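A.B. asks: So that we are looking at the same thing, I have put the structure below in structure tokens.
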Amino acid sequence: MAAQKINEGLEHLAKAEKYLKTGFLKWKPDYDSAASEYGKAAVAFKNAKQFEQAKDACLREAVAHENNRALFHAAKAYEQAGMMLKEMQKLPEAVQLIEKASMMYLENGTPDTAAMALERAGKLIENVDPEKAVQLYQQTANVFENEERLRQAVELLGKASRLLVRGRRFDEAALSIQKEKNIYKEIENYPTCYKKTIAQVLVHLHRSDYVAAERCVRESYSIPGFNGSEDCAALEQLLEGYDQQDQDQVSEVCNSPLFKYMDNDYAKLGLSLVVPGGGIKKKAAAAAAPQVKPEGTTATAVEEDEDEYAGGLC
């Protein structure tokens, strides 16, 4: 079966080469027919699992379409070549071709298709090169935003933010989450704005920037419904615990369902949050400090109480 498909692919390649030849009576190559044959060859090689040959056929198809000024079809062929490289586990090379395809889609005036290609490339490379995936997701979000498709744009920004958090690139993550929040405000999805505020605060506290975390909460008071919400109350309690170096209070808030059932990357930030000073409570430290007795006083109030009942209760 595989040998038959390989032979079929070779036959289509031979036909394509004939269409490209010129002569005394044929001055111009027939790029359209050649592209069609290269496409058929690619399918045959793919079915035979000869991915290297399939990729080469796709690239030849793309060039033929480009010469015929058929940008959309050329982009499709480049994208297919990228998918063949994916099958060969050559992911960085695959992403390069898919990026090239997306640029051609944009040039052709089909931004939706360009965005989908970029998102696909991001998914391919996410586990291999998260930094590149972030770039691709941000590019995709920009394309959607330019087309005023804000819901799709913010979804891709969310993927970028989570990858930045996972890589502990907190400065960039804070900016990315703020952009998400701005878009959610624009489309009036206020409850999600509350969740993004929680994510922001956790990121800022992991940056050891209490002032920025507090400012996020303060600025969010202007979001309809935030003041008085459980999100707001929990964040105020979290900031109070962090400022007072009360690890128990911080842990209690971060272990609450409101925090634990966030996206996994943010839930982990909450569970790993440690207050400054290793969690030594200011209140506990104050209580442990020696009490200064007024001059002439020989016993504390507690000692006096003990003396009062020293002989037992009557």
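Chain identifiers are assigned as A, B, and so on, following the order in which chains appear in the structure tokens; residues are numbered from 1 within each chain, and ligands are numbered from 1 in order of appearance.
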Write out as a list in words each polymer residue whose atoms come within 7 Å of region 112-114 of chain A, counting only C-alpha atoms; drop sequence neighbours fewer than 5 positions from it.

C.D. replies: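 In the requested form, the answer reads Ser102, Met103, Tyr105 and Leu106 of chain A.
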
A.B. asks: Can you write out the residues you just picked, keeping C-alpha atoms, as an mmCIF file, in the first residue's frame?

C.D. replies:
data_model
loop_
_atom_site.group_PDB
_atom_site.id
_atom_site.type_symbol
_atom_site.label_atom_id
_atom_site.label_comp_id
_atom_site.auth_asym_id
_atom_site.auth_seq_id
_atom_site.Cartn_x
_atom_site.Cartn_y
_atom_site.Cartn_z
ATOM 1 C CA SER A 102 0.008 33.602 8.457
ATOM 2 C CA MET A 103 1.803 36.603 6.955
ATOM 3 C CA TYR A 105 -2.985 35.211 4.836
ATOM 4 C CA LEU A 106 -2.754 38.759 6.164
#

A.B. asks: Of the candidates A:Ala174, A:Asn108, A:Arg166, A:Gln139, which shows the shortest atom-to-atom distance to Asn127 (chain A), using only C-alpha atoms?

C.D. replies: A:Arg166

A.B. asks: Pick from A:Ala233, A:Leu156, A:Leu124, A:Leu273: nearest to Asp246 (chain A), with only C-alpha atoms counted?

C.D. replies: A:Leu273

A.B. asks: Write out as a PyMOL selection string the residues lying within 9 Å of Val217 (chain A), counting only C-alpha atoms and excluding same-chain residues fewer than 2 positions away.

C.D. replies: chain A and resi 197-198+201+212-215+219-221+232+235-236

A.B. asks: Output N, CA and C atoms for every residue in the selection just made, as a PDB file, in the first residue's frame.

C.D. replies:
ATOM      1  N   THR A 197      -8.195  40.720  38.719  1.00  0.00           N
ATOM      2  CA  THR A 197      -7.604  41.507  39.802  1.00  0.00           C
ATOM      3  C   THR A 197      -6.928  40.586  40.813  1.00  0.00           C
ATOM      4  N   ILE A 198      -7.578  39.464  41.121  1.00  0.00           N
ATOM      5  CA  ILE A 198      -6.955  38.483  42.022  1.00  0.00           C
ATOM      6  C   ILE A 198      -5.639  37.996  41.426  1.00  0.00           C
ATOM      7  N   VAL A 201      -2.969  40.699  41.715  1.00  0.00           N
ATOM      8  CA  VAL A 201      -2.461  40.850  43.081  1.00  0.00           C
ATOM      9  C   VAL A 201      -1.476  39.730  43.418  1.00  0.00           C
ATOM     10  N   ALA A 212       2.089  47.906  44.393  1.00  0.00           N
ATOM     11  CA  ALA A 212       1.388  47.653  43.123  1.00  0.00           C
ATOM     12  C   ALA A 212       0.158  46.790  43.342  1.00  0.00           C
ATOM     13  N   ALA A 213       0.262  45.803  44.240  1.00  0.00           N
ATOM     14  CA  ALA A 213      -0.881  44.927  44.535  1.00  0.00           C
ATOM     15  C   ALA A 213      -2.021  45.729  45.145  1.00  0.00           C
ATOM     16  N   GLU A 214      -1.670  46.602  46.085  1.00  0.00           N
ATOM     17  CA  GLU A 214      -2.695  47.430  46.738  1.00  0.00           C
ATOM     18  C   GLU A 214      -3.336  48.382  45.727  1.00  0.00           C
ATOM     19  N   ARG A 215      -2.521  48.925  44.836  1.00  0.00           N
ATOM     20  CA  ARG A 215      -3.046  49.847  43.822  1.00  0.00           C
ATOM     21  C   ARG A 215      -4.037  49.144  42.895  1.00  0.00           C
ATOM     22  N   GLU A 219      -7.732  50.544  42.405  1.00  0.00           N
ATOM     23  CA  GLU A 219      -8.237  50.944  41.085  1.00  0.00           C
ATOM     24  C   GLU A 219      -9.475  50.149  40.690  1.00  0.00           C
ATOM     25  N   SER A 220      -9.583  48.923  41.211  1.00  0.00           N
ATOM     26  CA  SER A 220     -10.714  48.072  40.845  1.00  0.00           C
ATOM     27  C   SER A 220     -12.017  48.486  41.524  1.00  0.00           C
ATOM     28  N   TYR A 221     -11.916  49.378  42.525  1.00  0.00           N
ATOM     29  CA  TYR A 221     -13.149  49.860  43.165  1.00  0.00           C
ATOM     30  C   TYR A 221     -14.060  50.556  42.156  1.00  0.00           C
ATOM     31  N   CYS A 232     -13.437  41.171  46.365  1.00  0.00           N
ATOM     32  CA  CYS A 232     -12.873  42.361  47.007  1.00  0.00           C
ATOM     33  C   CYS A 232     -12.554  42.081  48.475  1.00  0.00           C
ATOM     34  N   LEU A 235      -9.495  39.857  48.822  1.00  0.00           N
ATOM     35  CA  LEU A 235      -8.248  40.548  48.504  1.00  0.00           C
ATOM     36  C   LEU A 235      -7.842  41.503  49.620  1.00  0.00           C
ATOM     37  N   GLU A 236      -8.811  42.186  50.213  1.00  0.00           N
ATOM     38  CA  GLU A 236      -8.488  43.077  51.330  1.00  0.00           C
ATOM     39  C   GLU A 236      -7.918  42.279  52.499  1.00  0.00           C
TER      40      GLU A 236
END

A.B. asks: Quick one: residues within 12 Å of Arg149 (chain A), only C-alpha atoms counted, chain neighbours fewer than 3 positions away excluded, as a count of residues only?

C.D. replies: 18

A.B. asks: For Pro276 (chain A), list every protein, DNA or RNA residue within 12 Å, evaluated using only C-alpha atoms, and leave out those in the same chain fewer than 6 positions away; present the list as a ChimeraX atom specification.

C.D. replies: /A:205-210,241-247,250,282

A.B. asks: Considering only alpha helix (DSSP H) as DSSP defines it on the backbone, what residues of region 6-112 of chain A qualify? List them as a VMD selection string.

C.D. replies: chain A and resid 6 to 20 31 to 47 51 to 67 71 to 87 91 to 108 111 to 112
